[in-house]
Amino acid sequence: MGDLAERIRIRILPALLTALGVAGLAAGLFSLTTPVAADPLPSGTPTISSTPTTGPTPPATPSPLITFPPIPSETAPSASPSTPSDRVATRVRVAALEIDLPVIKQPDPDVVPCDVAMYFLYPGDPRLAQPGSGLATYLYAHAQAGMFLPFLDESRVQNGTSMLGMVVEVWTSDNLRFLYEITEVRRHVPYDEAFVAALTAGREELWLQTSEGRGLQPKLQVVALPISQEAADPADANPEPRPRTCG
């Protein structure tokens, strides 16, 4: 009887414990690899889609607002951790086209003011960023006199080839000036596709957008690549914006 108890203790019991451990590990792997359903978005939160949509139905009265398409869900690198988290674009100038505007965050999601350019950041999506981040910076303004109308006018002549090579200056709130060279003019970009290339670029770029018409009409995009950056006079970098309601 003593020999039987000894064999159970030495051989059978360890084997049983090993078998139970393997079963427990397998159960743990199943729990780790089983997808977990995401929490539902709060009511009214915009969704992100990787496929173009037709967008909302245009209002009966044409609107002067600059509209934005849905955001695709492809992943891309996040902004460089060395970029100050509070840096924002404050001024944009294209001297060759006599464009020189303060840059602000759009103050009201339903109203796009005149006499300023605006930077666009999609909430919760890090793929659009500020200058020097290593990602795309997206600025937009109305196609009106004193704003981004020269982009639209130039694009109508030989598809905007005269703009290639022009220098774009962008100042930031931490008193830096970034220089970019225009390398591409993208005409008639469908509303639903306007952000796709900017979001998936994964490198430092500057995108300047204006509309080719009202509401959900196609967009004009001017793309520029970085040349250099340097310290700037605070007075040059921080002009006083005076946004107004467009007439």
# chains A, B, ... in the order shown; residues from 1 in each chain; ligands from 1
call {"tool": "select_by_dssp", "arguments": {"residues": "segment 58-247 of chain A", "states": "strand (DSSP E)", "output": "PDB file with C-alpha atoms, in the first residue's frame"}}
result
ATOM      1  CA  ALA A  89       0.291  77.061 -37.054  1.00  0.00           C
ATOM      2  CA  THR A  90      -0.307  80.805 -36.734  1.00  0.00           C
ATOM      3  CA  ARG A  91       0.420  82.293 -40.163  1.00  0.00           C
ATOM      4  CA  VAL A  92       0.727  81.158 -43.783  1.00  0.00           C
ATOM      5  CA  ARG A  93       2.222  83.127 -46.656  1.00  0.00           C
ATOM      6  CA  VAL A  94       2.809  82.480 -50.340  1.00  0.00           C
ATOM      7  CA  ILE A  99      -1.351  85.255 -49.892  1.00  0.00           C
ATOM      8  CA  ASP A 100      -0.666  86.160 -46.265  1.00  0.00           C
ATOM      9  CA  LEU A 101      -3.153  85.047 -43.608  1.00  0.00           C
ATOM     10  CA  PRO A 102      -3.262  84.412 -39.875  1.00  0.00           C
ATOM     11  CA  VAL A 103      -4.043  80.768 -39.105  1.00  0.00           C
ATOM     12  CA  ILE A 104      -6.488  79.792 -36.381  1.00  0.00           C
ATOM     13  CA  LYS A 105      -8.507  76.825 -35.222  1.00  0.00           C
ATOM     14  CA  ALA A 117      -6.857  80.337 -42.788  1.00  0.00           C
ATOM     15  CA  MET A 118      -7.541  77.448 -40.448  1.00  0.00           C
ATOM     16  CA  TYR A 119      -5.755  74.256 -39.488  1.00  0.00           C
ATOM     17  CA  ALA A 136       0.849  66.173 -42.744  1.00  0.00           C
ATOM     18  CA  THR A 137      -0.304  69.664 -41.774  1.00  0.00           C
ATOM     19  CA  TYR A 138      -3.666  70.611 -43.325  1.00  0.00           C
ATOM     20  CA  LEU A 139      -4.627  74.269 -43.790  1.00  0.00           C
ATOM     21  CA  TYR A 140      -7.734  75.571 -45.537  1.00  0.00           C
ATOM     22  CA  VAL A 167       7.725  78.665 -51.543  1.00  0.00           C
ATOM     23  CA  VAL A 168       5.139  78.517 -48.775  1.00  0.00           C
ATOM     24  CA  GLU A 169       5.993  79.917 -45.342  1.00  0.00           C
ATOM     25  CA  VAL A 170       4.214  78.737 -42.206  1.00  0.00           C
ATOM     26  CA  TRP A 171       4.855  80.282 -38.806  1.00  0.00           C
ATOM     27  CA  THR A 172       4.006  78.598 -35.521  1.00  0.00           C
ATOM     28  CA  LEU A 176       9.387  79.178 -35.762  1.00  0.00           C
ATOM     29  CA  ARG A 177       9.129  79.609 -39.524  1.00  0.00           C
ATOM     30  CA  PHE A 178       8.813  76.524 -41.722  1.00  0.00           C
ATOM     31  CA  LEU A 179       9.533  76.702 -45.446  1.00  0.00           C
ATOM     32  CA  TYR A 180       7.906  74.368 -47.961  1.00  0.00           C
ATOM     33  CA  GLU A 181       8.107  73.998 -51.739  1.00  0.00           C
ATOM     34  CA  ILE A 182       4.952  73.359 -53.766  1.00  0.00           C
ATOM     35  CA  THR A 183       5.341  70.036 -55.574  1.00  0.00           C
ATOM     36  CA  GLU A 184       1.819  69.109 -56.624  1.00  0.00           C
ATOM     37  CA  VAL A 185      -1.496  70.704 -57.571  1.00  0.00           C
ATOM     38  CA  ARG A 186      -4.512  68.414 -57.206  1.00  0.00           C
ATOM     39  CA  ARG A 187      -7.637  69.635 -58.983  1.00  0.00           C
ATOM     40  CA  HIS A 188     -11.222  68.385 -58.818  1.00  0.00           C
ATOM     41  CA  VAL A 189     -10.592  66.164 -55.793  1.00  0.00           C
ATOM     42  CA  GLU A 205       3.942  67.546 -45.808  1.00  0.00           C
ATOM     43  CA  LEU A 206       1.867  70.703 -46.076  1.00  0.00           C
ATOM     44  CA  TRP A 207      -1.600  70.537 -47.633  1.00  0.00           C
ATOM     45  CA  LEU A 208      -3.446  73.719 -48.567  1.00  0.00           C
ATOM     46  CA  GLN A 209      -7.104  73.350 -49.498  1.00  0.00           C
ATOM     47  CA  THR A 210      -9.758  75.569 -50.929  1.00  0.00           C
ATOM     48  CA  SER A 211     -13.071  74.856 -52.630  1.00  0.00           C
ATOM     49  CA  LYS A 219     -11.715  70.529 -53.666  1.00  0.00           C
ATOM     50  CA  LEU A 220      -8.459  72.032 -54.833  1.00  0.00           C
ATOM     51  CA  GLN A 221      -5.362  70.898 -52.956  1.00  0.00           C
ATOM     52  CA  VAL A 222      -1.857  72.296 -53.158  1.00  0.00           C
ATOM     53  CA  VAL A 223       0.800  69.982 -51.720  1.00  0.00           C
ATOM     54  CA  ALA A 224       4.201  71.191 -50.525  1.00  0.00           C
ATOM     55  CA  LEU A 225       7.224  69.416 -49.070  1.00  0.00           C
ATOM     56  CA  PRO A 226       9.488  70.801 -46.339  1.00  0.00           C
ATOM     57  CA  ILE A 227      12.658  72.726 -47.117  1.00  0.00           C
ATOM     58  CA  SER A 228      13.827  74.059 -43.764  1.00  0.00           C
ATOM     59  CA  GLN A 229      12.854  75.634 -40.476  1.00  0.00           C
ATOM     60  CA  GLU A 230      14.301  78.508 -38.490  1.00  0.00           C
ATOM     61  CA  ALA A 231      13.663  80.785 -35.543  1.00  0.00           C
TER      62      ALA A 231
END
call {"tool": "select_by_dssp", "arguments": {"residues": "segment 86-216 of chain A", "states": "helix (DSSP H, G or I)", "output": "ChimeraX atom specification"}}
result
/A:95-97,149-155,158-163,191-193,196-200
call {"tool": "write_last_selection", "arguments": {"atoms": "C-alpha atoms", "output": "PDB file, in the first residue's frame"}}
result
ATOM      1  CA  ALA A  95       4.571  85.676 -51.382  1.00  0.00           C
ATOM      2  CA  ALA A  96       4.425  84.839 -55.098  1.00  0.00           C
ATOM      3  CA  LEU A  97       0.612  84.795 -54.942  1.00  0.00           C
ATOM      4  CA  LEU A 149      -8.596  82.546 -54.256  1.00  0.00           C
ATOM      5  CA  PRO A 150      -5.170  82.883 -55.991  1.00  0.00           C
ATOM      6  CA  PHE A 151      -4.712  79.123 -55.662  1.00  0.00           C
ATOM      7  CA  LEU A 152      -7.972  78.530 -57.504  1.00  0.00           C
ATOM      8  CA  ASP A 153      -7.215  81.125 -60.170  1.00  0.00           C
ATOM      9  CA  GLU A 154      -3.748  79.727 -60.861  1.00  0.00           C
ATOM     10  CA  SER A 155      -5.041  76.156 -60.969  1.00  0.00           C
ATOM     11  CA  GLN A 158      -2.391  74.765 -67.340  1.00  0.00           C
ATOM     12  CA  ASN A 159      -3.566  72.891 -64.247  1.00  0.00           C
ATOM     13  CA  GLY A 160      -1.602  75.167 -61.947  1.00  0.00           C
ATOM     14  CA  THR A 161       1.889  74.326 -63.213  1.00  0.00           C
ATOM     15  CA  SER A 162       2.985  77.905 -62.503  1.00  0.00           C
ATOM     16  CA  MET A 163       2.664  77.179 -58.776  1.00  0.00           C
ATOM     17  CA  TYR A 191     -15.309  65.644 -51.485  1.00  0.00           C
ATOM     18  CA  ASP A 192     -15.237  62.059 -50.197  1.00  0.00           C
ATOM     19  CA  GLU A 193     -11.563  61.550 -51.067  1.00  0.00           C
ATOM     20  CA  VAL A 196      -7.091  60.179 -47.984  1.00  0.00           C
ATOM     21  CA  ALA A 197      -3.663  60.987 -49.407  1.00  0.00           C
ATOM     22  CA  ALA A 198      -2.821  63.464 -46.646  1.00  0.00           C
ATOM     23  CA  LEU A 199      -3.688  61.016 -43.887  1.00  0.00           C
ATOM     24  CA  THR A 200      -1.770  58.103 -45.340  1.00  0.00           C
TER      25      THR A 200
END
call {"tool": "closest_residue", "arguments": {"among": "A:Ala143, A:Leu164, A:Ala232, A:Ala201", "to": "Gly213 of chain A", "atoms": "only C-alpha atoms"}}
result
A:Ala143
call {"tool": "closest_residue", "arguments": {"among": "A:Ser173, A:Asn238, A:Gln144, A:Thr83", "to": "Asp115 of chain A", "atoms": "only C-alpha atoms"}}
result
A:Gln144
call {"tool": "atom_distance", "arguments": {"atom1": "atom CA of Pro218 of chain A", "atom2": "atom CA of Pro113 of chain A"}}
result
19.6 Å
call {"tool": "atom_distance", "arguments": {"atom1": "atom CA of Pro234 of chain A", "atom2": "atom CA of Asn175 of chain A"}}
result
5.3 Å
